[in-house]
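Pasting input13.txt here (compact mmCIF, C-alpha atoms):
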# COMPACT_ATOMS: atom_id res chain seq x y z
CA MET A 1 107.45 70.54 148.24
CA SER A 2 105.77 73.79 147.21
CA LEU A 3 105.65 72.66 143.58
CA LEU A 4 104.21 69.31 144.69
CA VAL A 5 101.46 71.01 146.69
CA LEU A 6 100.61 73.34 143.80
CA ALA A 7 100.57 70.45 141.33
CA THR A 8 98.25 68.46 143.62
CA LEU A 9 95.85 71.40 143.95
CA ALA A 10 95.92 71.96 140.18
CA PHE A 11 95.25 68.27 139.56
CA GLY A 12 92.31 68.24 141.99
CA TYR A 13 90.83 71.38 140.42
CA THR A 14 91.20 69.82 136.95
CA LEU A 15 89.33 66.70 138.10
CA TRP A 16 86.50 68.89 139.38
CA ALA A 17 86.38 71.26 136.40
CA ALA A 18 86.50 68.46 133.81
CA GLN A 19 83.96 66.18 135.50
CA GLU A 20 81.46 66.43 132.62
CA LEU A 21 84.17 64.98 130.36
CA LEU A 22 85.80 62.55 132.80
CA LEU A 23 82.73 60.95 134.39
CA PRO A 24 81.33 59.41 131.16
CA ILE A 25 84.79 58.04 130.35
CA LEU A 26 85.26 56.56 133.83
CA LEU A 27 81.76 55.07 133.88
CA ALA A 28 82.30 53.55 130.44
CA ALA A 29 85.63 52.07 131.53
CA PHE A 30 83.93 50.68 134.64
CA PHE A 31 81.19 48.99 132.60
CA ALA A 32 83.76 47.69 130.10
CA LEU A 33 85.72 46.12 132.96
CA VAL A 34 82.53 44.40 134.13
CA GLY A 35 82.02 42.97 130.66
CA ASN A 36 85.62 41.99 129.89
CA PRO A 37 85.49 38.55 131.61
CA ILE A 38 82.34 37.74 129.63
CA LEU A 39 84.07 38.90 126.42
CA ARG A 40 87.00 36.58 127.14
CA LEU A 41 84.60 33.68 127.64
CA LEU A 42 82.85 34.45 124.35
CA GLY A 43 86.24 34.81 122.66
CA LYS A 44 87.13 31.25 123.70
CA LEU A 45 83.98 30.19 121.85
CA ARG A 46 85.45 31.71 118.63
CA LEU A 47 82.97 34.57 118.64
CA PRO A 48 84.31 37.80 117.01
CA ARG A 49 84.99 40.54 119.53
CA LEU A 50 82.70 43.02 117.76
CA LEU A 51 79.75 40.63 117.91
CA ALA A 52 80.59 39.62 121.49
CA ALA A 53 80.68 43.29 122.56
CA LEU A 54 77.32 43.89 120.89
CA LEU A 55 75.80 40.90 122.68
CA VAL A 56 77.20 41.92 126.08
CA LEU A 57 76.13 45.55 125.68
CA ALA A 58 72.68 44.58 124.38
CA GLY A 59 72.25 42.17 127.30
CA GLY A 60 73.23 44.84 129.81
CA LEU A 61 70.90 47.42 128.23
CA ALA A 62 68.08 44.86 128.15
CA ILE A 63 68.51 44.12 131.85
CA ALA A 64 68.69 47.82 132.71
CA GLY A 65 65.66 48.61 130.54
CA THR A 66 63.62 45.78 132.02
CA LEU A 67 64.45 46.89 135.56
CA THR A 68 63.61 50.48 134.68
CA LEU A 69 60.22 49.52 133.24
CA GLN A 70 59.44 47.27 136.19
CA LEU A 71 60.55 49.75 138.82
CA ALA A 72 59.32 53.00 137.26
CA GLU A 73 55.74 52.52 138.46
CA PRO A 74 56.50 51.74 142.15
CA ALA A 75 59.23 54.40 142.24
CA GLY A 76 56.87 57.03 140.82
CA GLU A 77 54.16 55.95 143.24
CA TRP A 78 56.52 56.36 146.18
CA VAL A 79 57.64 59.77 144.96
CA ARG A 80 54.02 60.90 144.72
CA GLN A 81 53.06 59.42 148.08
CA VAL A 82 56.12 60.55 150.07
CA PRO A 83 54.72 63.94 151.24
CA LYS A 84 51.46 62.37 152.43
CA GLU A 85 53.17 59.34 153.97
CA LEU A 86 55.68 61.49 155.82
CA LYS A 87 52.78 63.25 157.51
CA GLN A 88 51.79 59.85 158.88
CA VAL A 89 55.35 59.04 159.93
CA GLY A 90 55.65 62.30 161.86
CA PRO A 91 53.09 61.44 164.58
CA LYS A 92 54.68 58.00 165.02
CA LEU A 93 58.12 59.47 165.50
CA ARG A 94 56.78 62.14 167.85
CA GLN A 95 55.02 59.48 169.89
CA MET A 96 58.23 57.43 170.09
CA THR A 97 60.38 60.41 171.07
CA LYS A 98 57.79 62.27 173.19
CA PRO A 99 59.53 61.66 176.54
CA LEU A 100 62.84 62.97 175.22
CA GLN A 101 61.19 65.99 173.62
CA ASP A 102 59.34 66.87 176.83
CA ALA A 103 62.51 66.61 178.88
CA ASN A 104 64.45 68.74 176.39
CA ARG A 105 61.71 71.38 176.25
CA ALA A 106 61.55 71.56 180.04
CA ALA A 107 65.32 71.95 180.29
CA GLN A 108 65.31 74.76 177.71
CA ASN A 109 62.48 76.63 179.47
CA PHE A 110 64.25 76.26 182.80
CA ALA A 111 67.51 77.62 181.36
CA ARG A 112 65.75 80.61 179.77
CA ALA A 113 63.83 81.38 182.95
CA ALA A 114 67.00 81.21 185.00
CA GLY A 115 68.68 83.63 182.60
CA GLY A 116 65.75 86.03 182.60
CA GLU A 117 64.88 85.38 178.94
CA ASN A 118 61.40 85.35 177.48
CA THR A 119 60.24 81.78 176.87
CA ALA A 120 58.06 82.75 173.93
CA LYS A 121 59.12 81.24 170.64
CA PRO A 122 60.90 83.64 168.29
CA VAL A 123 59.44 84.40 164.93
CA GLN A 124 60.92 82.16 162.25
CA VAL A 125 61.27 83.22 158.65
CA VAL A 126 60.92 80.37 156.19
CA LYS A 127 62.36 80.87 152.73
CA THR A 128 60.86 78.99 149.82
CA GLU A 129 62.42 78.33 146.45
CA LEU A 130 60.37 77.63 143.35
CA ASP A 131 61.55 75.03 140.86
CA ASP A 132 62.74 76.45 137.58
CA PRO A 133 60.99 74.55 134.74
CA TYR A 134 63.37 76.07 132.16
CA ARG A 135 66.36 74.60 133.97
CA ALA A 136 64.76 71.15 134.04
CA LEU A 137 63.85 71.46 130.34
CA THR A 138 67.38 72.38 129.29
CA SER A 139 69.07 69.80 131.51
CA THR A 140 67.12 66.81 130.12
CA PRO A 141 68.79 66.70 126.66
CA LYS A 142 72.16 67.07 128.37
CA ARG A 143 71.51 64.05 130.61
CA VAL A 144 70.33 62.00 127.63
CA ALA A 145 73.49 62.91 125.71
CA GLN A 146 75.64 61.85 128.67
CA VAL A 147 73.88 58.48 128.88
CA LEU A 148 74.36 57.92 125.14
CA ALA A 149 78.02 58.89 125.47
CA VAL A 150 78.49 56.32 128.24
CA VAL A 151 76.85 53.59 126.11
CA LEU A 152 78.93 54.37 123.02
CA LEU A 153 82.18 54.70 124.97
CA THR A 154 81.50 51.37 126.69
CA PHE A 155 81.12 49.70 123.30
CA PHE A 156 84.31 51.30 121.97
CA PHE A 157 86.26 50.34 125.09
CA MET A 158 85.12 46.73 124.67
CA VAL A 159 85.96 46.54 120.95
CA PHE A 160 88.97 48.81 120.48
CA GLY A 161 90.48 48.92 123.97
CA GLU A 162 93.01 46.16 123.30
CA SER A 163 94.18 47.61 119.99
CA LEU A 164 94.59 51.05 121.55
CA GLN A 165 96.62 49.46 124.32
CA ARG A 166 98.88 47.66 121.83
CA ASN A 167 99.47 50.85 119.83
CA ALA A 168 100.34 52.77 122.99
CA ILE A 169 102.80 50.05 124.10
CA ALA A 170 104.44 50.12 120.65
CA LEU A 171 105.59 53.67 121.39
CA LEU A 172 107.91 52.43 124.17
CA PRO A 173 111.61 52.48 123.16
CA SER A 174 112.93 49.06 124.30
CA GLN A 175 111.59 45.53 123.95
CA GLN A 176 112.10 44.88 127.67
CA GLN A 177 109.95 47.85 128.61
CA LYS A 178 107.25 46.69 126.21
CA LYS A 179 107.24 43.18 127.66
CA LEU A 180 107.17 44.45 131.24
CA THR A 181 104.39 46.95 130.48
CA ILE A 182 102.29 44.31 128.71
CA ASP A 183 102.65 41.93 131.66
CA ILE A 184 101.71 44.62 134.18
CA LEU A 185 98.74 45.90 132.17
CA HIS A 186 97.35 42.43 131.49
CA SER A 187 97.68 41.41 135.14
CA ILE A 188 96.08 44.62 136.40
CA GLU A 189 93.28 44.52 133.82
CA ARG A 190 92.51 40.87 134.60
CA GLU A 191 92.44 41.39 138.38
CA ILE A 192 90.42 44.60 138.21
CA SER A 193 87.91 43.02 135.81
CA ARG A 194 87.55 40.05 138.13
CA TYR A 195 87.13 42.36 141.13
CA VAL A 196 84.53 44.60 139.46
CA LEU A 197 82.52 41.66 138.14
CA THR A 198 82.72 39.83 141.49
CA ILE A 199 81.64 42.81 143.56
CA SER A 200 78.81 43.48 141.08
CA LEU A 201 77.58 39.88 141.47
CA ILE A 202 77.83 40.13 145.28
CA ASN A 203 75.84 43.35 145.33
CA THR A 204 73.25 41.81 142.99
CA GLY A 205 72.93 38.86 145.36
CA LEU A 206 72.46 41.24 148.28
CA GLY A 207 69.72 43.09 146.41
CA LEU A 208 67.93 39.85 145.50
CA ALA A 209 68.16 38.61 149.11
CA LEU A 210 66.67 41.84 150.43
CA ALA A 211 63.93 41.80 147.79
CA GLY A 212 63.08 38.19 148.68
CA ALA A 213 62.97 38.97 152.40
CA LEU A 214 60.69 41.98 151.86
CA TYR A 215 58.45 39.94 149.55
CA ALA A 216 58.18 37.29 152.26
CA LEU A 217 57.01 40.04 154.66
CA GLY A 218 54.14 40.88 152.32
CA THR A 219 55.68 43.69 150.26
CA PRO A 220 54.46 43.70 146.63
CA LEU A 221 56.94 42.16 144.20
CA GLN A 222 57.67 45.31 142.19
CA GLU A 223 58.20 47.36 145.34
CA ALA A 224 60.44 44.66 146.81
CA LEU A 225 62.52 44.68 143.61
CA LEU A 226 62.75 48.48 143.88
CA TRP A 227 64.28 48.31 147.36
CA GLY A 228 66.55 45.41 146.34
CA THR A 229 67.87 47.39 143.37
CA MET A 230 68.45 50.38 145.64
CA ALA A 231 70.43 48.19 148.07
CA ALA A 232 72.55 46.73 145.26
CA ILE A 233 73.45 50.17 143.90
CA LEU A 234 74.13 51.72 147.31
CA ASN A 235 76.42 48.84 148.26
CA PHE A 236 79.00 50.08 145.73
CA ALA A 237 79.66 52.92 148.20
CA PRO A 238 80.78 51.26 151.47
CA PHE A 239 79.75 52.83 154.80
CA VAL A 240 77.86 55.72 153.18
CA GLY A 241 75.58 53.60 150.98
CA PRO A 242 74.46 51.18 153.73
CA LEU A 243 73.76 54.09 156.10
CA ILE A 244 71.50 55.68 153.48
CA GLY A 245 69.88 52.29 152.85
CA VAL A 246 69.13 51.71 156.54
CA ALA A 247 67.57 55.17 156.80
CA VAL A 248 65.39 54.56 153.72
CA MET A 249 64.33 51.14 155.02
CA LEU A 250 63.45 52.71 158.37
CA VAL A 251 61.17 55.25 156.67
CA MET A 252 59.70 52.51 154.50
CA GLY A 253 58.93 50.38 157.57
CA LEU A 254 57.34 53.28 159.43
CA VAL A 255 55.10 53.94 156.44
CA ALA A 256 54.19 50.31 155.75
CA PHE A 257 53.54 49.13 159.33
CA ASP A 258 51.50 50.66 162.14
CA GLU A 259 53.23 49.04 165.12
CA LEU A 260 56.74 49.88 166.29
CA TRP A 261 58.59 46.57 166.12
CA PRO A 262 57.28 45.46 162.70
CA SER A 263 58.21 48.90 161.33
CA LEU A 264 61.84 48.34 162.38
CA LEU A 265 62.01 44.93 160.68
CA PRO A 266 62.94 46.09 157.11
CA ALA A 267 65.84 48.18 158.43
CA GLY A 268 66.94 45.26 160.63
CA LEU A 269 66.83 42.86 157.67
CA TYR A 270 68.85 45.25 155.52
CA LEU A 271 71.44 45.74 158.27
CA GLY A 272 71.72 42.00 158.92
CA LEU A 273 72.16 41.11 155.25
CA HIS A 274 74.73 43.84 154.78
CA THR A 275 76.68 42.63 157.83
CA ILE A 276 76.78 39.07 156.45
CA GLU A 277 77.89 40.35 153.05
CA SER A 278 80.60 42.71 154.30
CA GLN A 279 82.00 40.52 157.08
CA VAL A 280 81.67 37.01 155.60
CA VAL A 281 80.89 36.83 151.88
CA THR A 282 83.12 39.57 150.44
CA PRO A 283 86.27 38.67 152.49
CA LEU A 284 85.88 34.98 151.59
CA VAL A 285 85.38 35.64 147.87
CA LEU A 286 87.92 38.41 147.30
CA GLY A 287 90.53 37.48 149.92
CA ARG A 288 93.34 39.70 151.15
CA ARG A 289 94.51 41.02 147.78
CA MET A 290 91.56 43.41 147.51
CA ARG A 291 91.50 44.40 151.18
CA LEU A 292 91.45 48.15 151.82
CA SER A 293 91.94 50.10 155.01
CA PRO A 294 88.61 51.39 156.36
CA LEU A 295 90.22 54.78 157.10
CA VAL A 296 91.67 55.12 153.59
CA LEU A 297 88.36 53.93 152.14
CA MET A 298 86.38 56.50 154.13
CA LEU A 299 88.76 59.28 153.07
CA ALA A 300 88.42 58.20 149.43
CA LEU A 301 84.62 58.20 149.71
CA MET A 302 84.65 61.67 151.23
CA PHE A 303 87.03 63.01 148.57
CA PHE A 304 85.34 61.53 145.49
CA GLY A 305 81.86 62.21 146.90
CA TRP A 306 82.79 65.86 147.40
CA LEU A 307 84.46 65.97 143.98
CA TRP A 308 81.88 64.18 141.79
CA GLY A 309 78.79 63.61 143.94
CA ILE A 310 76.87 60.32 143.74
CA VAL A 311 78.91 59.07 140.78
CA GLY A 312 82.09 59.74 142.74
CA LEU A 313 80.80 57.61 145.62
CA LEU A 314 80.11 54.73 143.24
CA LEU A 315 83.52 55.01 141.55
CA ALA A 316 85.62 55.60 144.68
CA VAL A 317 86.23 51.94 145.53
CA PRO A 318 87.07 50.74 141.98
CA LEU A 319 89.46 53.67 141.53
CA LEU A 320 91.13 52.96 144.86
CA VAL A 321 91.51 49.28 143.95
CA CYS A 322 93.07 50.30 140.63
CA VAL A 323 95.61 52.48 142.43
CA LYS A 324 96.45 49.70 144.86
CA LEU A 325 96.97 47.11 142.12
CA VAL A 326 99.15 49.47 140.08
CA LEU A 327 101.32 50.29 143.09
CA ALA A 328 101.63 46.60 143.99
CA ARG A 329 102.86 45.71 140.48
CA ILE A 330 105.52 48.42 140.19
CA GLU A 331 108.81 47.63 141.88
CA GLY A 332 109.66 50.08 144.65
CA LEU A 333 106.06 51.23 145.15
CA ASP A 334 104.68 48.06 146.77
CA GLY A 335 105.07 49.66 150.20
CA TRP A 336 102.48 52.27 149.23
CA ALA A 337 100.11 49.47 148.25
CA ARG A 338 100.52 47.93 151.72
CA LEU A 339 99.78 51.35 153.18
CA LEU A 340 96.29 51.16 151.65
CA GLU A 341 95.50 47.82 153.38

Entire entry expressed as structure tokens:
Amino acid sequence: MSLLVLATLAFGYTLWAAQELLLPILLAAFFALVGNPILRLLGKLRLPRLLAALLVLAGGLAIAGTLTLQLAEPAGEWVRQVPKELKQVGPKLRQMTKPLQDANRAAQNFARAAGGENTAKPVQVVKTELDDPYRALTSTPKRVAQVLAVVLLTFFFMVFGESLQRNAIALLPSQQQKKLTIDILHSIEREISRYVLTISLINTGLGLALAGALYALGTPLQEALLWGTMAAILNFAPFVGPLIGVAVMLVMGLVAFDELWPSLLPAGLYLGLHTIESQVVTPLVLGRRMRLSPLVLMLALMFFGWLWGIVGLLLAVPLLVCVKLVLARIEGLDGWARLLE
């Protein structure tokens, strides 16, 4: 047991220390799994795998580039306007919470007076931290290199992943082990690819629905697409992502509308669409095979979010699904897979 605990701690520390190496590989594998069903479809049309991988990767980069160009202007405008807009949100929030603040202030003054304390406010020291331009300058080439590494690794996973898998299986000693391993790997790869592509399409549909609803409320098209893209990305992190999305939509509503109830409408729309997606659409499409325990899912989100930050939150669910499918396919470990449901 002591050795097991030490090995677990060493493994966790290795995952944290090697994140700059592991995260591009995991992201590339994730994107390759999204594209594998499309590659199979193109393969049935007698298209060479190299050309099919180039088409899929070029299509994905074109979509991402188009979205970036379309959303860069409204995103930059919001970033520039946030400090000024938050000054306008502050009085609205204070007006909404004024009765509670008055009651709380009166209770604090009463408690201090009863204890013989001075009710004057203590002096507060505010520390400020200046941004380091040298750090930003040196980190930019590093981020660009990581993005290029993800793109190249995704292409190599698409083209050479199967041959690497065959060569690794050839190292197994017996023919029975090779056959069993091939069957397990193909089944797991097919199910995980289907899951990743399906959940990506569901999240895209959620983002488009939110963008359409906001556009119907009078939000400009580019800004509506910005919030829809945000909702689609955040939905890859269950619980945590929707909470962040609701908070952002609440701030957006308070900035965009002057009255109380209209300002709550964007957050209400986001919450309603997410409820329909999580309680109706996803269970109907994926079924029981991909069901995960909310407690296990929350623990995984906390662990991978603490370990790898935002990228860990996005990868937590696919990694957990991979673990569940592997355990379900190996004889004697299927009980652990049921433990995750």

Long-range neighbours of Leu221 in chain A as an MDAnalysis selection string, 12 Å cut-off, all atoms listed in the file, 4 positions minimum in chain: chainID A and resid 70:71 73:74 208 210:217 225:228

Among the residues A:Thr8, A:Thr198, A:Thr154, A:Thr140, the one that comes closest to Pro37 in chain A [using only C-alpha atoms]: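 Closest residue, counting only C-alpha atoms: A:Thr198.
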
Residue neighbourhood range 277-287 of chain A, 10 Å, only C-alpha atoms, exclusion window fewer than 6 positions, as a PyMOL selection string: chain A and resi 194-195+198-199+202-203+205-206+235+238+271

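Interatomic distance, CA of Ile188 in chain A to CA of Phe31 in chain A: 16.0 Å.
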
Distance of CA of Trp261 in chain A from CA of Ile244 in chain A, expressed in Å to one decimal place: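 Going from CA of Ile244 in chain A over to CA of Trp261 in chain A, I get 20.2 Å.
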
CA of Gly305 in chain A to CA of Leu4 in chain A, distance in Å rounded to a single decimal: 23.6 Å

Residues within 12 Å of Val326 in chain A, all atoms listed in the file, excluding chain neighbours under 3 positions, as an mmCIF file with C-alpha atoms, in the frame of the given file:
data_model
loop_
_atom_site.group_PDB
_atom_site.id
_atom_site.type_symbol
_atom_site.label_atom_id
_atom_site.label_comp_id
_atom_site.auth_asym_id
_atom_site.auth_seq_id
_atom_site.Cartn_x
_atom_site.Cartn_y
_atom_site.Cartn_z
ATOM 1 C CA THR A 181 104.390 46.950 130.480
ATOM 2 C CA ASP A 183 102.650 41.930 131.660
ATOM 3 C CA ILE A 184 101.710 44.620 134.180
ATOM 4 C CA LEU A 185 98.740 45.900 132.170
ATOM 5 C CA HIS A 186 97.350 42.430 131.490
ATOM 6 C CA SER A 187 97.680 41.410 135.140
ATOM 7 C CA ILE A 188 96.080 44.620 136.400
ATOM 8 C CA GLU A 189 93.280 44.520 133.820
ATOM 9 C CA GLU A 191 92.440 41.390 138.380
ATOM 10 C CA ILE A 192 90.420 44.600 138.210
ATOM 11 C CA LEU A 319 89.460 53.670 141.530
ATOM 12 C CA LEU A 320 91.130 52.960 144.860
ATOM 13 C CA VAL A 321 91.510 49.280 143.950
ATOM 14 C CA CYS A 322 93.070 50.300 140.630
ATOM 15 C CA VAL A 323 95.610 52.480 142.430
ATOM 16 C CA ARG A 329 102.860 45.710 140.480
ATOM 17 C CA ILE A 330 105.520 48.420 140.190
ATOM 18 C CA GLU A 331 108.810 47.630 141.880
ATOM 19 C CA GLY A 332 109.660 50.080 144.650
ATOM 20 C CA LEU A 333 106.060 51.230 145.150
ATOM 21 C CA ASP A 334 104.680 48.060 146.770
ATOM 22 C CA GLY A 335 105.070 49.660 150.200
ATOM 23 C CA TRP A 336 102.480 52.270 149.230
ATOM 24 C CA ALA A 337 100.110 49.470 148.250
ATOM 25 C CA ARG A 338 100.520 47.930 151.720
#

Spatial sel., origin (80.4, 65.5, 137.1), limit 12 Å, only C-alpha atoms, listed as a VMD selection string: chain A and resid 14 to 27 143 146 304 to 313 315

Top pick for closest residue to Glu223 in chain A, considering A:Gly76, A:Pro48, A:Gly35, A:Gly59 and counting only C-alpha atoms: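 Going through A:Gly76, A:Pro48, A:Gly35, A:Gly59 one by one, the smallest distance to Glu223 in chain A is for A:Gly76.
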
Top pick for closest residue to Leu55 in chain A, considering A:Phe155, A:Thr204, A:Leu292, A:Phe30 and counting only C-alpha atoms: A:Phe155
